[in-house]
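> Would you mind keeping the following structure in view while I ask a few things?
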Amino acid sequence: MDYAQSLINRVLTNTISVIRSFEEDSIKFPIFEWNLNSSGFELEIVNEGIQSFFYLLLDCQNYEKYPFIQENDDDIEEHEYISLVDNFIADVKMSVLNDALNNMIDYFRLKREPKKYPNIVKELFFSYESFEKQIKEYSLSFDFLNTEDLINEINVNRDTIHLKVPKIIFPWYAFALMFTHQDLSRKINIVKTKYLPLKFTKSKYPNEKGIFIDGQKSFQAFINSLIVNHSGVNANYNRSLNLYLFNETTNLYDIYNVVETFRTESGYMEYQLADSIDDMDKNARYEKKQKIFARVGKLAKLNNLGVKTILINDYYSETLFENKEVWTTFNQIFDHCKNTLVNVIKERYIPIFQEPLEHVPKEILIDFTIYRLFSKEEPFEELVENILEEGLPVYLPSSEDDIEMHLYEAYAYAYKGFYKGKNNTTKKEEN
């Protein structure tokens, strides 16, 4: 067993022990400490075992490359660790906010409840007339061909559908409706997993051009819908949460980010700049790309956006990426952290906000408090702006442009890698 793998096993064993201790007695064995100050909620990881796990995520590639070096947290720059924790916190807040929104959607699904609490409903949701108007305008900006069918389906569900779409995540739900409107269930499940996630591609080579091109165009259209003051779309939405939810279901941001990193950072691309595709063995080229992106696709099941972005952009550890237990453990830590944040809000901060929230039904008091606390936070706004500034090319298969062909193949294999990572597919590929 190599040193990097033995290190992972040792840190994992300790981390799992920490999690079990926390489950048994969270007071005696705390992992996190949340504090509220003028800049919002801040997190301190107070357990050394969990700290070691986070350092492992940052430094495993060094132990993988240089097994003779001594294990030392001092090798990690403090700003790197802080950046990882900050993105972890951002992911936790966005996930907690989404849970709260889902709880309030469920609460108001009965027709009588919106009439009992008109002020809350007005704050959270559009009126049906406003919702219908914005869906029309969104579909036009999206260049959607079936706008009439979409509006007809929305009209069929006019009593409740707008109460399924909180204002702050309108772009994500509007995007989803482009694909799911013809198959809305009685409960109006807008985000249906049948239509929005990555599609299975059976060929070994990147032959399903339509799937790969559509994926790029969908991401391009969605990101463009997040432009502030986008024509016709109310800008009171949370861009960070919209991107978080979009990627959680589609993984299309992950794939974009992987290909961008491949394009700008990889030695493979630098090497290919000097070579012609015609002079390369096709099978060797495909196999190399497939190997690169199959590993990073293991990150597909991580329940976050910020941490994945850091790991993809700045670090690449084959041993770490291929270890499923690492990411299962990470998700356990993530869920524990979410629970501690909700408990802290419930126990310490609900009393502070109690008076201005007297009009809120007790069943959603904690959810509405979370909404008020985090709905204006935009931890990934700079990320969205950077994507918009850099532009969103759509790479096409090309016999005339070697670099575009390489990037199209990179996108295709990243797509295939993330599909497999998300679905644990074992289906045999065909040529």
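Following the order of the structure tokens, chains are lettered A, B, ..., residues in each are numbered from 1, and ligands are numbered from 1.
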Write out as a ChimeraX atom specification all residues of stretch 10-136 of chain A that DSSP puts in strand (DSSP E or B) for this structure's backbone.
/A:32-37,40-45,125
> May I have the residues within 10 Å of stretch 77-93 of chain A as a count of residues only, using only C-alpha atoms and disregarding those fewer than 5 positions away in the same chain?
41
> Could you name the residues that touch A:Asn207 at 10 Å or less, counting only C-alpha atoms, but leaving out those on the same chain fewer than 4 positions away, as a ChimeraX atom specification?
/A:201-203,211-212,397,409,412,431
> Would you mind exporting all heavy atoms of the selected residues as a PDB file, in the first residue's frame?

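Resulting contents of again_18.pdb:
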ATOM      1  N   THR A 201     -24.581   7.745 -21.795  1.00  0.00           N
ATOM      2  CA  THR A 201     -24.045   7.623 -23.156  1.00  0.00           C
ATOM      3  C   THR A 201     -23.327   6.286 -23.242  1.00  0.00           C
ATOM      4  O   THR A 201     -22.421   6.015 -22.463  1.00  0.00           O
ATOM      5  CB  THR A 201     -23.066   8.766 -23.468  1.00  0.00           C
ATOM      6  OG1 THR A 201     -22.028   8.791 -22.491  1.00  0.00           O
ATOM      7  CG2 THR A 201     -23.783  10.103 -23.459  1.00  0.00           C
ATOM      8  N   LYS A 202     -23.708   5.465 -24.186  1.00  0.00           N
ATOM      9  CA  LYS A 202     -23.221   4.093 -24.187  1.00  0.00           C
ATOM     10  C   LYS A 202     -21.936   3.891 -24.968  1.00  0.00           C
ATOM     11  O   LYS A 202     -21.242   2.895 -24.776  1.00  0.00           O
ATOM     12  CB  LYS A 202     -24.294   3.148 -24.736  1.00  0.00           C
ATOM     13  CG  LYS A 202     -24.601   3.332 -26.222  1.00  0.00           C
ATOM     14  CD  LYS A 202     -25.628   2.298 -26.680  1.00  0.00           C
ATOM     15  CE  LYS A 202     -25.908   2.427 -28.173  1.00  0.00           C
ATOM     16  NZ  LYS A 202     -26.858   1.384 -28.640  1.00  0.00           N
ATOM     17  N   SER A 203     -21.590   4.811 -25.859  1.00  0.00           N
ATOM     18  CA  SER A 203     -20.419   4.575 -26.697  1.00  0.00           C
ATOM     19  C   SER A 203     -19.123   4.862 -25.947  1.00  0.00           C
ATOM     20  O   SER A 203     -19.076   5.733 -25.078  1.00  0.00           O
ATOM     21  CB  SER A 203     -20.482   5.436 -27.953  1.00  0.00           C
ATOM     22  OG  SER A 203     -20.400   6.799 -27.623  1.00  0.00           O
ATOM     23  N   ILE A 211     -26.043  15.166 -27.216  1.00  0.00           N
ATOM     24  CA  ILE A 211     -26.081  15.220 -25.753  1.00  0.00           C
ATOM     25  C   ILE A 211     -25.024  16.186 -25.226  1.00  0.00           C
ATOM     26  O   ILE A 211     -25.291  17.029 -24.357  1.00  0.00           O
ATOM     27  CB  ILE A 211     -25.893  13.819 -25.154  1.00  0.00           C
ATOM     28  CG1 ILE A 211     -27.128  12.959 -25.418  1.00  0.00           C
ATOM     29  CG2 ILE A 211     -25.604  13.891 -23.658  1.00  0.00           C
ATOM     30  CD1 ILE A 211     -27.003  11.525 -24.949  1.00  0.00           C
ATOM     31  N   PHE A 212     -23.812  16.097 -25.745  1.00  0.00           N
ATOM     32  CA  PHE A 212     -22.715  16.927 -25.245  1.00  0.00           C
ATOM     33  C   PHE A 212     -22.891  18.397 -25.632  1.00  0.00           C
ATOM     34  O   PHE A 212     -22.569  19.288 -24.851  1.00  0.00           O
ATOM     35  CB  PHE A 212     -21.375  16.394 -25.756  1.00  0.00           C
ATOM     36  CG  PHE A 212     -21.139  14.940 -25.413  1.00  0.00           C
ATOM     37  CD1 PHE A 212     -20.683  14.052 -26.370  1.00  0.00           C
ATOM     38  CD2 PHE A 212     -21.396  14.458 -24.138  1.00  0.00           C
ATOM     39  CE1 PHE A 212     -20.465  12.722 -26.076  1.00  0.00           C
ATOM     40  CE2 PHE A 212     -21.202  13.128 -23.823  1.00  0.00           C
ATOM     41  CZ  PHE A 212     -20.738  12.255 -24.789  1.00  0.00           C
ATOM     42  N   PRO A 397     -17.338  19.257 -32.252  1.00  0.00           N
ATOM     43  CA  PRO A 397     -16.359  18.406 -32.940  1.00  0.00           C
ATOM     44  C   PRO A 397     -15.921  19.096 -34.228  1.00  0.00           C
ATOM     45  O   PRO A 397     -16.749  19.585 -34.999  1.00  0.00           O
ATOM     46  CB  PRO A 397     -17.136  17.117 -33.211  1.00  0.00           C
ATOM     47  CG  PRO A 397     -18.574  17.500 -33.116  1.00  0.00           C
ATOM     48  CD  PRO A 397     -18.654  18.631 -32.159  1.00  0.00           C
ATOM     49  N   GLU A 409     -13.722  16.869 -26.990  1.00  0.00           N
ATOM     50  CA  GLU A 409     -13.495  15.532 -26.432  1.00  0.00           C
ATOM     51  C   GLU A 409     -13.359  15.596 -24.910  1.00  0.00           C
ATOM     52  O   GLU A 409     -13.864  14.723 -24.192  1.00  0.00           O
ATOM     53  CB  GLU A 409     -12.240  14.925 -27.052  1.00  0.00           C
ATOM     54  CG  GLU A 409     -12.395  14.579 -28.519  1.00  0.00           C
ATOM     55  CD  GLU A 409     -11.069  14.204 -29.171  1.00  0.00           C
ATOM     56  OE1 GLU A 409     -10.031  14.254 -28.495  1.00  0.00           O
ATOM     57  OE2 GLU A 409     -11.083  13.856 -30.362  1.00  0.00           O
ATOM     58  N   ALA A 412     -16.791  15.905 -23.491  1.00  0.00           N
ATOM     59  CA  ALA A 412     -17.522  14.642 -23.614  1.00  0.00           C
ATOM     60  C   ALA A 412     -17.088  13.647 -22.546  1.00  0.00           C
ATOM     61  O   ALA A 412     -17.930  13.003 -21.893  1.00  0.00           O
ATOM     62  CB  ALA A 412     -17.310  14.051 -25.003  1.00  0.00           C
ATOM     63  N   ASN A 431     -18.565   0.108 -28.489  1.00  0.00           N
ATOM     64  CA  ASN A 431     -17.849   0.964 -29.436  1.00  0.00           C
ATOM     65  C   ASN A 431     -18.826   1.630 -30.394  1.00  0.00           C
ATOM     66  O   ASN A 431     -19.875   1.089 -30.662  1.00  0.00           O
ATOM     67  CB  ASN A 431     -16.827   0.130 -30.225  1.00  0.00           C
ATOM     68  CG  ASN A 431     -15.703  -0.342 -29.330  1.00  0.00           C
ATOM     69  OD1 ASN A 431     -15.498   0.205 -28.260  1.00  0.00           O
ATOM     70  ND2 ASN A 431     -14.972  -1.348 -29.788  1.00  0.00           N
TER      71      ASN A 431
END
> Taking into account only C-alpha atoms, which residue in the set A:Ser21, A:Thr13, A:Asn242, A:Asn119 is nearest to A:His359?
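Going through A:Ser21, A:Thr13, A:Asn242, A:Asn119 one by one, the smallest distance to A:His359 is for A:Asn119.
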> From a backbone DSSP assignment, name each residue in stretch 105-137 of chain A labelled alpha helix (DSSP H), as a list in words.
Ile105, Asp106, Tyr107, Arg112, Glu113, Pro114, Lys115, Lys116, Pro118, Asn119, Ile120, Val121, Lys122, Glu123, Leu124, Tyr128, Glu129, Ser130, Phe131, Glu132, Lys133, Gln134, Ile135, Lys136 and Glu137 of chain A
> Of the residues A:Asn35, A:Arg20, A:Tyr138, A:Val121, which is the one nearest to A:Tyr173, using only C-alpha atoms?
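Answer, going by the shortest atom-to-atom distance: A:Tyr138.
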> Do a neighbour search on A:Asn103 at 10 Å with only C-alpha atoms, toss out local chain neighbours closer than 6 positions, and write the hits as a list of chain:residue names.
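Skipping anything fewer than 6 positions along the chain leaves A:Leu97, A:Glu363, A:Ile364, A:Ile366, A:Asp367, A:Phe368.
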> Export N, CA and C atoms of the chosen residues as an mmCIF file, in the first residue's frame?

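Dumped everything to selection_6.cif:
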data_model
loop_
_atom_site.group_PDB
_atom_site.id
_atom_site.type_symbol
_atom_site.label_atom_id
_atom_site.label_comp_id
_atom_site.auth_asym_id
_atom_site.auth_seq_id
_atom_site.Cartn_x
_atom_site.Cartn_y
_atom_site.Cartn_z
ATOM 1 N N LEU A 97 -30.569 26.744 3.644
ATOM 2 C CA LEU A 97 -31.563 27.667 3.096
ATOM 3 C C LEU A 97 -32.520 26.934 2.162
ATOM 4 N N GLU A 363 -45.061 26.298 12.870
ATOM 5 C CA GLU A 363 -44.580 25.158 12.083
ATOM 6 C C GLU A 363 -43.425 25.535 11.156
ATOM 7 N N ILE A 364 -43.353 26.809 10.758
ATOM 8 C CA ILE A 364 -42.276 27.226 9.853
ATOM 9 C C ILE A 364 -41.441 28.354 10.451
ATOM 10 N N ILE A 366 -38.701 28.302 12.358
ATOM 11 C CA ILE A 366 -37.270 28.110 12.154
ATOM 12 C C ILE A 366 -36.917 28.284 10.682
ATOM 13 N N ASP A 367 -37.783 27.816 9.791
ATOM 14 C CA ASP A 367 -37.518 27.929 8.356
ATOM 15 C C ASP A 367 -37.536 29.378 7.893
ATOM 16 N N PHE A 368 -38.504 30.133 8.392
ATOM 17 C CA PHE A 368 -38.586 31.531 7.995
ATOM 18 C C PHE A 368 -37.418 32.331 8.574
#
> Within 10 Å of stretch 131-136 of chain A, counting only C-alpha atoms, which residues qualify if same-chain residues fewer than 5 places away don't, as a tab-separated table (two decimals) with C-alpha atoms, in the first residue's frame?

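Heads up, here's the output in selection05.tsv:
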chain	number	residue	atom	x	y	z
A	125	PHE	CA	-43.75	33.94	-3.73
A	126	PHE	CA	-44.94	35.82	-6.79
A	141	SER	CA	-34.88	34.85	-23.31
A	142	PHE	CA	-34.07	31.14	-23.17
A	144	PHE	CA	-37.54	28.12	-25.83
A	147	THR	CA	-43.58	28.50	-24.75
A	148	GLU	CA	-47.28	28.09	-25.62
A	150	LEU	CA	-45.52	25.61	-21.17
A	151	ILE	CA	-47.98	28.40	-20.42
A	154	ILE	CA	-48.99	26.38	-16.01
A	155	ASN	CA	-52.57	27.59	-16.47
A	158	ARG	CA	-52.70	28.08	-11.79
A	161	ILE	CA	-47.88	26.24	-9.19
A	162	HIS	CA	-46.60	29.73	-8.28
A	163	LEU	CA	-46.52	28.64	-4.63
A	165	VAL	CA	-41.47	28.59	-6.79
A	167	LYS	CA	-38.83	34.26	-5.67
A	170	PHE	CA	-37.04	31.56	-9.75
A	171	PRO	CA	-34.34	31.12	-12.46
A	173	TYR	CA	-37.27	26.51	-11.30
A	174	ALA	CA	-38.03	28.35	-14.54
A	175	PHE	CA	-35.15	26.51	-16.22
A	177	LEU	CA	-39.90	23.87	-16.17
A	178	MET	CA	-38.52	24.13	-19.71
A	231	SER	CA	-34.53	41.45	-19.29
A	232	GLY	CA	-37.94	40.58	-17.91
A	233	VAL	CA	-36.70	38.57	-14.93
A	234	ASN	CA	-37.10	39.94	-11.42
> Taking 6 positions as the minimum chain separation for residues in the same chain, which residues sit within 9 Å of A:Phe53 when counting only C-alpha atoms? Answer as a list in words.
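Skipping anything fewer than 6 positions along the chain leaves Ile8, Val11, Leu12, Asn14, Thr15 and Phe330 of chain A.
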> Keeping only N, CA and C atoms, write the selected residues to a file as a PDB file, in the first residue's frame.

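The new file out-v2.pdb reads:
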ATOM      1  N   ILE A   8      -4.645   8.179   4.002  1.00  0.00           N
ATOM      2  CA  ILE A   8      -6.097   8.316   3.876  1.00  0.00           C
ATOM      3  C   ILE A   8      -6.804   7.360   4.833  1.00  0.00           C
ATOM      4  N   VAL A  11      -6.472   8.630   8.506  1.00  0.00           N
ATOM      5  CA  VAL A  11      -7.278   9.817   8.785  1.00  0.00           C
ATOM      6  C   VAL A  11      -8.765   9.474   8.749  1.00  0.00           C
ATOM      7  N   LEU A  12      -9.159   8.617   7.803  1.00  0.00           N
ATOM      8  CA  LEU A  12     -10.562   8.208   7.717  1.00  0.00           C
ATOM      9  C   LEU A  12     -11.006   7.489   8.982  1.00  0.00           C
ATOM     10  N   ASN A  14      -9.882   7.750  11.970  1.00  0.00           N
ATOM     11  CA  ASN A  14     -10.006   8.716  13.056  1.00  0.00           C
ATOM     12  C   ASN A  14     -11.248   9.588  12.867  1.00  0.00           C
ATOM     13  N   THR A  15     -11.505   9.994  11.626  1.00  0.00           N
ATOM     14  CA  THR A  15     -12.650  10.862  11.343  1.00  0.00           C
ATOM     15  C   THR A  15     -13.967  10.154  11.624  1.00  0.00           C
ATOM     16  N   PHE A 330     -17.154  12.713   3.927  1.00  0.00           N
ATOM     17  CA  PHE A 330     -17.332  14.159   3.773  1.00  0.00           C
ATOM     18  C   PHE A 330     -18.807  14.533   3.854  1.00  0.00           C
TER      19      PHE A 330
END
> Of the candidates A:Arg109, A:Arg263, A:Lys301, A:Lys28, which one gets nearest to A:Trp327 if we count only C-alpha atoms?
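For A:Trp327, the nearest of the candidates is A:Lys301.
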> Taking only C-alpha atoms into account, which of A:Thr249, A:Asn343, A:Ser317, A:Thr264 comes nearest A:Lys194?
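Counting only C-alpha atoms, the residue closest to A:Lys194 is A:Thr249.
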